[in-house]
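Engineer: As input, take coords-v3.txt (compact mmCIF, C-alpha atoms):
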```
# COMPACT_ATOMS: atom_id res chain seq x y z
CA TYR A 225 20.18 -21.14 -14.40
CA LEU A 226 21.61 -17.73 -15.32
CA LEU A 227 21.37 -18.54 -19.04
CA ASP A 228 17.75 -19.69 -18.60
CA ALA A 229 16.89 -16.54 -16.65
CA GLY A 230 18.59 -14.38 -19.27
CA ALA A 231 16.47 -15.96 -21.99
CA LEU A 232 13.23 -14.84 -20.33
CA ASP A 233 11.38 -11.73 -21.48
CA TRP A 234 11.55 -9.84 -18.20
CA LYS A 235 9.30 -7.08 -19.52
CA GLU A 236 6.38 -9.48 -19.10
CA ILE A 237 7.14 -10.55 -15.52
CA ASN A 238 4.82 -9.10 -12.88
CA PRO A 239 6.68 -6.95 -10.33
CA ASP A 240 4.81 -8.61 -7.46
CA ILE A 241 6.79 -11.81 -8.15
CA PHE A 242 9.75 -10.19 -6.39
CA GLY A 243 7.94 -10.75 -3.12
CA SER A 244 7.95 -14.50 -3.56
CA MET A 245 11.56 -14.39 -4.79
CA ILE A 246 12.64 -12.72 -1.54
CA GLN A 247 10.60 -15.26 0.41
CA ALA A 248 12.53 -18.06 -1.29
CA ILE A 249 15.93 -16.76 -0.17
CA VAL A 250 15.05 -15.71 3.37
CA HIS A 251 15.44 -18.46 5.95
CA GLN A 252 12.08 -20.02 6.83
CA ASP A 253 12.55 -19.45 10.57
CA GLN A 254 13.22 -15.73 10.07
CA ARG A 255 10.28 -14.84 7.86
CA GLY A 256 7.72 -14.37 10.61
CA GLU A 257 10.19 -12.63 12.87
CA LEU A 258 11.18 -10.19 10.13
CA GLY A 259 7.58 -9.56 9.13
CA MET A 260 8.14 -10.76 5.58
CA HIS A 261 4.76 -12.32 4.87
CA TYR A 262 4.27 -12.72 1.12
CA THR A 263 0.66 -11.92 0.21
CA SER A 264 -0.82 -13.19 -3.05
CA VAL A 265 -2.42 -10.82 -5.56
CA SER A 266 -5.87 -12.32 -4.95
CA ASN A 267 -5.58 -11.72 -1.20
CA ILE A 268 -4.23 -8.20 -1.70
CA LEU A 269 -7.30 -7.42 -3.80
CA LYS A 270 -9.53 -8.69 -0.97
CA LEU A 271 -8.29 -5.63 0.94
CA LEU A 272 -7.96 -3.08 -1.87
CA LYS A 273 -11.32 -3.68 -3.54
CA PRO A 274 -13.62 -2.93 -0.57
CA LEU A 275 -11.24 -0.25 0.67
CA PHE A 276 -11.38 2.00 -2.41
CA LEU A 277 -11.26 0.16 -5.77
CA ASN A 278 -14.93 -0.91 -5.72
CA ASP A 279 -16.01 2.64 -4.92
CA LEU A 280 -13.94 3.97 -7.82
CA GLN A 281 -15.45 1.45 -10.22
CA GLU A 282 -18.95 2.38 -9.06
CA GLN A 283 -18.13 6.04 -9.71
CA VAL A 284 -16.89 5.14 -13.20
CA GLN A 285 -20.06 3.21 -14.01
CA ALA A 286 -22.30 5.96 -12.64
CA SER A 287 -20.48 8.48 -14.87
CA TRP A 288 -20.16 6.22 -17.93
CA ASN A 289 -21.99 8.61 -20.27
CA SER A 290 -20.85 11.87 -18.65
CA LYS A 291 -17.67 13.63 -19.77
CA LYS A 292 -17.71 15.79 -16.65
CA GLY A 293 -18.24 12.78 -14.38
CA LEU A 294 -15.42 10.78 -15.93
CA GLN A 295 -13.06 13.75 -15.73
CA ALA A 296 -13.95 13.95 -12.02
CA VAL A 297 -12.75 10.33 -11.69
CA LEU A 298 -9.40 11.31 -13.25
CA GLN A 299 -9.11 14.21 -10.83
CA ARG A 300 -9.86 11.87 -7.94
CA LEU A 301 -7.15 9.45 -9.10
CA MET A 302 -4.62 12.26 -8.73
CA LYS A 303 -5.59 12.68 -5.06
CA ILE A 304 -5.47 9.02 -3.95
CA ARG A 305 -2.47 7.99 -1.84
CA VAL A 306 -1.60 4.46 -0.71
CA PHE A 307 0.62 3.89 2.33
CA ASP A 308 1.93 0.49 3.47
CA PRO A 309 3.77 0.80 6.81
CA ALA A 310 4.98 -2.83 6.60
CA CYS A 311 5.56 -2.89 2.87
CA GLY A 312 8.06 -5.75 2.47
CA SER A 313 8.96 -5.93 -1.20
CA GLY A 314 6.08 -3.64 -2.10
CA ASN A 315 3.34 -5.98 -3.31
CA PHE A 316 0.42 -4.01 -1.89
CA LEU A 317 1.77 -0.79 -3.39
CA VAL A 318 2.48 -2.39 -6.77
CA ILE A 319 -0.98 -3.94 -7.06
CA ALA A 320 -2.67 -0.71 -5.92
CA TYR A 321 -0.67 1.27 -8.48
CA ARG A 322 -1.48 -1.19 -11.26
CA GLU A 323 -5.22 -1.24 -10.48
CA LEU A 324 -5.44 2.56 -10.36
CA ARG A 325 -3.64 2.81 -13.71
CA ASN A 326 -6.07 0.26 -15.18
CA ILE A 327 -9.01 2.40 -14.03
CA GLU A 328 -7.34 5.46 -15.56
CA ILE A 329 -6.96 3.71 -18.93
CA GLN A 330 -10.58 2.56 -18.79
CA VAL A 331 -11.79 6.12 -18.11
CA ILE A 332 -9.65 7.78 -20.80
CA ARG A 333 -10.74 5.18 -23.38
CA ARG A 334 -14.40 5.93 -22.56
CA LEU A 335 -13.84 9.70 -22.66
CA ALA A 336 -12.38 9.35 -26.15
CA GLU A 337 -15.50 7.41 -27.22
CA ILE A 338 -18.05 9.97 -26.01
CA SER A 339 -16.18 13.27 -26.51
CA ASP A 340 -13.21 14.95 -28.14
CA PHE A 341 -11.02 14.10 -25.14
CA SER A 342 -7.40 13.28 -25.96
CA ALA A 343 -5.04 11.39 -23.65
CA GLY A 344 -2.09 13.34 -22.30
CA VAL A 345 1.48 12.10 -22.01
CA TRP A 346 1.59 11.99 -18.22
CA SER A 347 -0.47 9.69 -16.02
CA HIS A 348 -2.85 10.98 -13.34
CA VAL A 349 -1.51 8.21 -11.05
CA GLU A 350 2.01 9.08 -9.89
CA LEU A 351 4.53 7.07 -7.87
CA LYS A 352 4.94 10.03 -5.52
CA ASN A 353 1.55 9.06 -4.04
CA PHE A 354 2.73 5.62 -2.90
CA PHE A 355 4.45 5.35 0.47
CA GLY A 356 5.98 2.55 2.52
CA ILE A 357 8.03 1.65 5.59
CA GLU A 358 10.05 -1.56 5.69
CA TYR A 359 12.27 -3.05 8.41
CA ILE A 360 14.60 -4.95 6.03
CA ASP A 361 16.80 -2.71 3.88
CA PHE A 362 17.00 -5.18 0.96
CA ALA A 363 13.22 -5.53 0.87
CA ALA A 364 12.83 -1.73 0.96
CA GLU A 365 15.10 -1.38 -2.07
CA THR A 366 13.18 -4.17 -3.82
CA ALA A 367 9.94 -2.26 -3.20
CA LYS A 368 11.37 0.79 -4.98
CA LEU A 369 12.49 -1.40 -7.90
CA SER A 370 9.11 -3.13 -8.10
CA LEU A 371 7.30 0.21 -8.30
CA TRP A 372 9.61 1.42 -11.07
CA ILE A 373 8.98 -1.78 -13.03
CA ALA A 374 5.22 -1.44 -12.48
CA GLU A 375 5.37 2.16 -13.73
CA TYR A 376 7.33 1.13 -16.83
CA GLN A 377 4.92 -1.71 -17.64
CA MET A 378 1.81 0.43 -17.18
CA ASN A 379 3.36 3.23 -19.26
CA LYS A 380 3.91 0.72 -22.07
CA ARG A 381 0.30 -0.38 -21.82
CA TYR A 382 -0.74 3.29 -21.87
CA GLU A 383 1.30 3.72 -25.06
CA ASP A 384 -0.35 0.67 -26.63
CA GLU A 385 -3.76 2.19 -25.89
CA PHE A 386 -3.16 5.86 -26.71
CA GLY A 387 0.14 6.07 -28.57
CA LYS A 388 1.81 8.25 -25.95
CA LEU A 389 4.69 7.33 -23.64
CA PRO A 390 6.33 9.48 -20.95
CA PRO A 391 10.14 9.22 -20.82
CA SER A 392 11.32 6.24 -18.78
CA LEU A 393 14.60 7.84 -17.75
CA PRO A 394 15.83 9.25 -15.54
CA LEU A 395 14.24 7.14 -12.80
CA LYS A 396 12.59 9.44 -10.27
CA ASP A 397 13.47 8.63 -6.67
CA THR A 398 10.50 9.87 -4.69
CA ASN A 399 12.08 8.81 -1.36
CA ASN A 400 8.68 7.49 -0.30
CA ILE A 401 9.91 4.05 0.78
CA ARG A 402 11.59 4.39 4.19
CA HIS A 403 13.86 1.73 5.65
CA GLY A 404 13.22 1.49 9.39
CA ASN A 405 11.02 0.27 12.21
CA ALA A 406 7.43 1.35 11.49
CA LEU A 407 6.66 1.48 15.22
CA ARG A 408 9.56 3.85 15.91
CA ILE A 409 8.98 6.20 12.96
CA ALA A 410 6.37 8.96 12.90
CA TRP A 411 4.11 7.89 10.05
CA HIS A 412 3.39 11.47 9.03
CA SER A 413 7.13 11.96 8.43
CA VAL A 414 6.91 9.31 5.67
CA CYS A 415 3.42 10.08 4.36
CA PRO A 416 2.79 13.71 5.39
CA HIS A 417 -0.71 14.84 6.20
CA SER A 418 -2.15 16.92 3.40
CA ASP A 419 -3.87 20.30 3.66
CA ASP A 420 -5.94 19.40 0.59
CA SER A 421 -9.36 18.19 1.77
CA GLU A 422 -9.77 16.13 -1.44
CA VAL A 423 -6.72 13.95 -0.77
CA GLU A 424 -7.64 10.37 0.22
CA THR A 425 -5.06 8.28 2.09
CA TYR A 426 -5.47 4.51 2.31
CA ILE A 427 -3.26 2.55 4.71
CA VAL A 428 -2.83 -1.12 3.83
CA GLY A 429 -0.50 -4.03 4.46
CA ASN A 430 0.32 -7.35 6.03
CA PRO A 431 2.22 -6.48 9.25
CA PRO A 432 3.89 -9.15 11.42
CA TYR A 433 1.35 -10.85 13.73
CA LEU A 434 3.44 -12.11 16.68
CA GLY A 435 1.37 -12.99 19.71
CA ASP A 436 2.51 -11.64 23.07
CA LYS A 437 4.58 -14.76 23.87
CA LEU A 438 6.45 -14.65 20.54
CA GLN A 439 7.73 -11.08 20.69
CA ASN A 440 11.45 -10.53 21.30
CA LYS A 441 12.93 -7.84 23.53
CA GLU A 442 13.00 -5.17 20.80
CA GLN A 443 9.41 -5.88 19.82
CA LYS A 444 8.25 -5.69 23.44
CA GLU A 445 9.91 -2.29 23.63
CA ASP A 446 8.12 -1.30 20.40
CA MET A 447 4.82 -2.17 22.05
CA ARG A 448 5.67 -0.26 25.22
CA LEU A 449 6.57 2.85 23.23
CA ALA A 450 3.49 2.53 21.03
CA PHE A 451 0.91 2.15 23.79
CA GLU A 452 2.55 4.13 26.57
CA GLY A 453 -0.05 6.47 27.99
CA GLU A 454 -2.95 4.56 26.40
CA THR A 455 -3.01 1.27 28.29
CA GLN A 456 -1.06 -0.72 30.84
CA LYS A 457 -2.16 -3.97 29.16
CA TRP A 458 0.15 -3.65 26.13
CA LYS A 459 2.17 -6.73 27.16
CA SER A 460 -0.80 -8.96 26.33
CA LEU A 461 -1.47 -7.51 22.87
CA ASP A 462 -0.48 -9.07 19.53
CA TYR A 463 2.27 -7.15 17.75
CA VAL A 464 -0.01 -6.42 14.78
CA THR A 465 -2.39 -4.39 16.94
CA ALA A 466 0.14 -1.54 17.02
CA TRP A 467 -0.42 -1.02 13.27
CA TYR A 468 -4.17 -0.73 13.83
CA TYR A 469 -3.60 1.76 16.61
CA TYR A 470 -1.13 3.86 14.60
CA SER A 471 -3.42 3.90 11.56
CA ALA A 472 -6.35 5.10 13.69
CA LYS A 473 -4.21 7.90 15.11
CA TYR A 474 -2.96 8.87 11.66
CA LEU A 475 -6.39 8.83 9.99
CA HIS A 476 -8.00 10.70 12.89
CA ILE A 477 -6.62 13.86 11.25
CA ALA A 478 -6.55 12.67 7.61
CA LYS A 479 -9.26 11.65 5.15
CA GLY A 480 -9.08 7.95 4.39
CA ASN A 481 -9.30 4.46 5.80
CA SER A 482 -7.19 1.38 6.44
CA ALA A 483 -7.18 -2.38 5.96
CA PHE A 484 -4.63 -4.90 7.23
CA VAL A 485 -4.16 -8.64 7.03
CA ALA A 486 -4.29 -9.98 10.60
CA THR A 487 -5.32 -12.97 12.66
CA ASN A 488 -8.81 -12.98 14.15
CA SER A 489 -7.23 -13.05 17.63
CA ILE A 490 -7.42 -9.25 17.71
CA THR A 491 -11.23 -9.41 17.72
CA GLN A 492 -11.57 -12.28 20.19
CA GLY A 493 -10.86 -12.88 23.83
CA PHE A 494 -9.27 -10.59 26.39
CA GLN A 495 -7.27 -8.34 24.05
CA ALA A 496 -10.25 -7.33 21.88
CA SER A 497 -11.68 -4.92 24.45
CA THR A 498 -8.24 -3.39 25.04
CA ILE A 499 -7.25 -2.61 21.45
CA TRP A 500 -10.71 -1.72 20.12
CA GLY A 501 -11.47 0.35 23.19
CA ILE A 502 -8.47 2.51 22.28
CA ILE A 503 -9.32 2.66 18.56
CA HIS A 504 -12.92 3.66 19.26
CA LYS A 505 -11.58 6.80 20.95
CA TYR A 506 -10.27 7.87 17.55
CA ASP A 507 -13.73 7.39 15.96
CA PHE A 508 -12.80 4.16 14.18
CA LYS A 509 -14.36 0.73 14.27
CA ILE A 510 -13.63 -2.61 12.64
```
Write out the structure in this file as structure tokens.
Structural biologist:
Amino acid sequence: YLLDAGALDWKEINPDIFGSMIQAIVHQDQRGELGMHYTSVSNILKLLKPLFLNDLQEQVQASWNSKKGLQAVLQRLMKIRVFDPACGSGNFLVIAYRELRNIEIQVIRRLAEISDFSAGVWSHVELKNFFGIEYIDFAAETAKLSLWIAEYQMNKRYEDEFGKLPPSLPLKDTNNIRHGNALRIAWHSVCPHSDDSEVETYIVGNPPYLGDKLQNKEQKEDMRLAFEGETQKWKSLDYVTAWYYYSAKYLHIAKGNSAFVATNSITQGFQASTIWGIIHKYDFKI
């Protein structure tokens, strides 16, 4: 098996495959409890596209024949941040990074066609704008590795397109992937609020669902700490609702939006009025 693996061309392997590799070695019974839900690329894009990718593509198309308009897209790419507070092995961050780099390449190629624009060495999309929190230390380290691999692969594609390649080494540790409990960490300490009004922050992910009867003692305490002062009905809420609540609080003072994978239980039955009643206070709606 090692010889077979060594014979592969690992430069061509998508970084998001690490998510499924981790899934394969984690015990089946622990996956849900640990929050390690592997999300396919197609399902990740179901969140990312309506959240901000479609809007970016529309801006590109509207500016297709305008040098100034396309340069505005590049400037916007520099100000987009993606934050996954249940990042696992980093799939959402990797796919977001890859898609933004693809848009950048598309824009620079078009600029070169309609003007004297020349591609620079450095990308407008930087790893420092990708943030995550992960409960499992091994998964958190895998997320960092996956992002580095994604950066290397996209830099090589950039070189193929424009003949320019930023240095691959040394690897830059941005310290943006935090190992810890996302419901016990202040999110702004991981992804600080920006004073720049043009910065857009998008919060995404696939947090653990865990209905009220499936939460262990630590998770019940997470819920108590999260909703203390907001509602006395926190014991009946799904675990995932805390991520919706925290994202609403975070984005109440930051420009951006959020999208999570979750069960439809949070919009049905008795808990819907509780969680969405709270979120509406922060000027957000589903």
Engineer: Grab the CA of Gly293 (chain A) to CA of Glu375 (chain A) distance for me, in Å with one decimal place.
Structural biologist: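 These two atoms are separated by 25.9 Å.
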Engineer: By how many Å are CA of Leu335 (chain A) and CA of Asp420 (chain A) apart?
Structural biologist: 26.4 Å
Engineer: With all atoms listed in the file as the atoms that count, which of A:Asn326, A:Thr366, A:Gln299, A:Lys273 lies nearest to Glu422 (chain A)?
Structural biologist: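 Once distances to Glu422 (chain A) are computed over all atoms listed in the file, the minimum belongs to A:Gln299.
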Engineer: Of the candidates A:Tyr262, A:Phe354, A:Phe451, A:Phe307, which shows the shortest atom-to-atom distance to Ser482 (chain A), using all atoms listed in the file?
Structural biologist: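 Going through A:Tyr262, A:Phe354, A:Phe451, A:Phe307 one by one, the smallest distance to Ser482 (chain A) is for A:Phe307.
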Engineer: Which residues, written as a list in words, have at least one atom at most 9 Å from His476 (chain A), with all atoms listed in the file counted and residues fewer than 5 positions away on the same chain left out?
Structural biologist: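 Counting all atoms listed in the file, the residues come to Ser471, Tyr506, Asp507 and Phe508 of chain A.
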Engineer: Which one is closest to Pro239 (chain A): A:Ala450, A:Val284, A:Ile360, A:Val265? Count only C-alpha atoms.
Structural biologist: A:Val265
Engineer: Measuring atom to atom with all atoms listed in the file, identify which of A:Phe484, A:Ala472, A:Arg300, A:Ile329 is nearest to Thr263 (chain A).
Structural biologist: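 Closest to Thr263 (chain A), using all atoms listed in the file: A:Phe484.
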Engineer: Can you tell me how far CA of Glu337 (chain A) sits from CA of Leu351 (chain A), in Å to one decimal?
Structural biologist: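 According to the coordinates, CA of Glu337 (chain A) and CA of Leu351 (chain A) are separated by 27.9 Å.
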Engineer: Choose the residue, out of A:Asp233, A:Asp240, A:Asp462, A:Glu365, that has the smallest atom-to-atom separation from Ser266 (chain A); count all atoms listed in the file.
Structural biologist: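 The answer is A:Asp240, which sits nearest to Ser266 (chain A).
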Engineer: List the spatial neighbours of Ser339 (chain A) as a list of chain:residue names - criterion: any atom at most 12 Å away, all atoms listed in the file, same-chain residues fewer than 4 positions off excluded.
Structural biologist: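 Listing them by chain and then by number gives A:Trp288, A:Asn289, A:Ser290, A:Lys291, A:Lys292, A:Leu294, A:Gln295, A:Val331, A:Ile332, A:Arg333, A:Arg334, A:Leu335, A:Ala343.
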Engineer: Nearest to Ser460 (chain A) among A:Tyr225, A:Phe316, A:Tyr433, A:Phe494, with distances taken over only C-alpha atoms: which residue is it?
Structural biologist: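 Closest to Ser460 (chain A) of all the choices is A:Phe494.
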Engineer: Might you pull out every residue within 8 Å of region 392-406 of chain A, with all atoms listed in the file counted and same-chain residues fewer than 2 positions away left off, and present them as a ChimeraX atom specification?
Structural biologist: /A:309-310,351-352,354-361,364,367-368,372,376,390,408-411,414-415
Engineer: Name all residues at most 8 Å from region 302-306 of chain A (count only C-alpha atoms; drop same-chain ones fewer than 5 positions away) and give them as a ChimeraX atom specification.
Structural biologist: /A:317,320,348-350,353-355,422-428
Engineer: For C-alpha atoms, I'd like the residues from the last selection saved as a short mmCIF file (atom, residue, chain, number, x, y, z; two decimals), in the coordinates of the input.
Structural biologist:
```cif
data_model
loop_
_atom_site.label_atom_id
_atom_site.label_comp_id
_atom_site.auth_asym_id
_atom_site.auth_seq_id
_atom_site.Cartn_x
_atom_site.Cartn_y
_atom_site.Cartn_z
CA LEU A 317 1.77 -0.79 -3.39
CA ALA A 320 -2.67 -0.71 -5.92
CA HIS A 348 -2.85 10.98 -13.34
CA VAL A 349 -1.51 8.21 -11.05
CA GLU A 350 2.01 9.08 -9.89
CA ASN A 353 1.55 9.06 -4.04
CA PHE A 354 2.73 5.62 -2.90
CA PHE A 355 4.45 5.35 0.47
CA GLU A 422 -9.77 16.13 -1.44
CA VAL A 423 -6.72 13.95 -0.77
CA GLU A 424 -7.64 10.37 0.22
CA THR A 425 -5.06 8.28 2.09
CA TYR A 426 -5.47 4.51 2.31
CA ILE A 427 -3.26 2.55 4.71
CA VAL A 428 -2.83 -1.12 3.83
#
```
Engineer: Have region 294-312 of chain A completed to N, CA, C and O atoms, please, and pass it along as a compact mmCIF listing (two decimals), keeping the file's coordinate frame.
Structural biologist:
```txt
# COMPACT_ATOMS: atom_id res chain seq x y z
N LEU A 294 -16.63 11.57 -15.73
CA LEU A 294 -15.42 10.78 -15.93
C LEU A 294 -14.16 11.60 -15.68
O LEU A 294 -13.17 11.09 -15.15
N GLN A 295 -14.20 12.88 -16.03
CA GLN A 295 -13.06 13.75 -15.73
C GLN A 295 -12.90 13.92 -14.22
O GLN A 295 -11.77 14.04 -13.73
N ALA A 296 -14.02 13.88 -13.49
CA ALA A 296 -13.95 13.95 -12.02
C ALA A 296 -13.25 12.72 -11.46
O ALA A 296 -12.52 12.80 -10.47
N VAL A 297 -13.45 11.55 -12.11
CA VAL A 297 -12.75 10.33 -11.69
C VAL A 297 -11.24 10.51 -11.87
O VAL A 297 -10.45 10.16 -10.98
N LEU A 298 -10.83 11.08 -13.01
CA LEU A 298 -9.40 11.31 -13.25
C LEU A 298 -8.82 12.25 -12.21
O LEU A 298 -7.69 12.05 -11.74
N GLN A 299 -9.58 13.28 -11.86
CA GLN A 299 -9.11 14.21 -10.83
C GLN A 299 -8.99 13.52 -9.48
O GLN A 299 -8.05 13.78 -8.71
N ARG A 300 -9.92 12.61 -9.20
CA ARG A 300 -9.86 11.87 -7.94
C ARG A 300 -8.63 10.96 -7.90
O ARG A 300 -7.98 10.82 -6.86
N LEU A 301 -8.32 10.33 -9.04
CA LEU A 301 -7.15 9.45 -9.10
C LEU A 301 -5.87 10.20 -8.72
O LEU A 301 -4.96 9.61 -8.12
N MET A 302 -5.80 11.46 -9.06
CA MET A 302 -4.62 12.26 -8.73
C MET A 302 -4.47 12.48 -7.23
O MET A 302 -3.37 12.74 -6.74
N LYS A 303 -5.58 12.35 -6.50
CA LYS A 303 -5.59 12.68 -5.06
C LYS A 303 -5.57 11.44 -4.17
O LYS A 303 -5.67 11.58 -2.95
N ILE A 304 -5.48 10.25 -4.75
CA ILE A 304 -5.47 9.02 -3.95
C ILE A 304 -4.04 8.65 -3.59
O ILE A 304 -3.17 8.57 -4.46
N ARG A 305 -3.79 8.42 -2.30
CA ARG A 305 -2.47 7.99 -1.84
C ARG A 305 -2.61 6.64 -1.14
O ARG A 305 -3.59 6.38 -0.45
N VAL A 306 -1.60 5.79 -1.34
CA VAL A 306 -1.60 4.46 -0.71
C VAL A 306 -0.33 4.34 0.12
O VAL A 306 0.77 4.60 -0.37
N PHE A 307 -0.48 3.93 1.36
CA PHE A 307 0.62 3.89 2.33
C PHE A 307 0.63 2.51 2.98
O PHE A 307 -0.34 2.10 3.59
N ASP A 308 1.76 1.80 2.84
CA ASP A 308 1.93 0.49 3.47
C ASP A 308 3.06 0.58 4.48
O ASP A 308 4.23 0.57 4.11
N PRO A 309 2.74 0.66 5.78
CA PRO A 309 3.77 0.80 6.81
C PRO A 309 4.40 -0.53 7.24
O PRO A 309 4.97 -0.62 8.33
N ALA A 310 4.27 -1.55 6.41
CA ALA A 310 4.98 -2.83 6.60
C ALA A 310 5.12 -3.43 5.21
O ALA A 310 4.67 -4.52 4.94
N CYS A 311 5.75 -2.66 4.30
CA CYS A 311 5.56 -2.89 2.87
C CYS A 311 6.33 -4.08 2.30
O CYS A 311 6.05 -4.51 1.18
N GLY A 312 7.31 -4.63 3.04
CA GLY A 312 8.06 -5.75 2.47
C GLY A 312 8.64 -5.37 1.13
O GLY A 312 9.21 -4.30 0.96
```
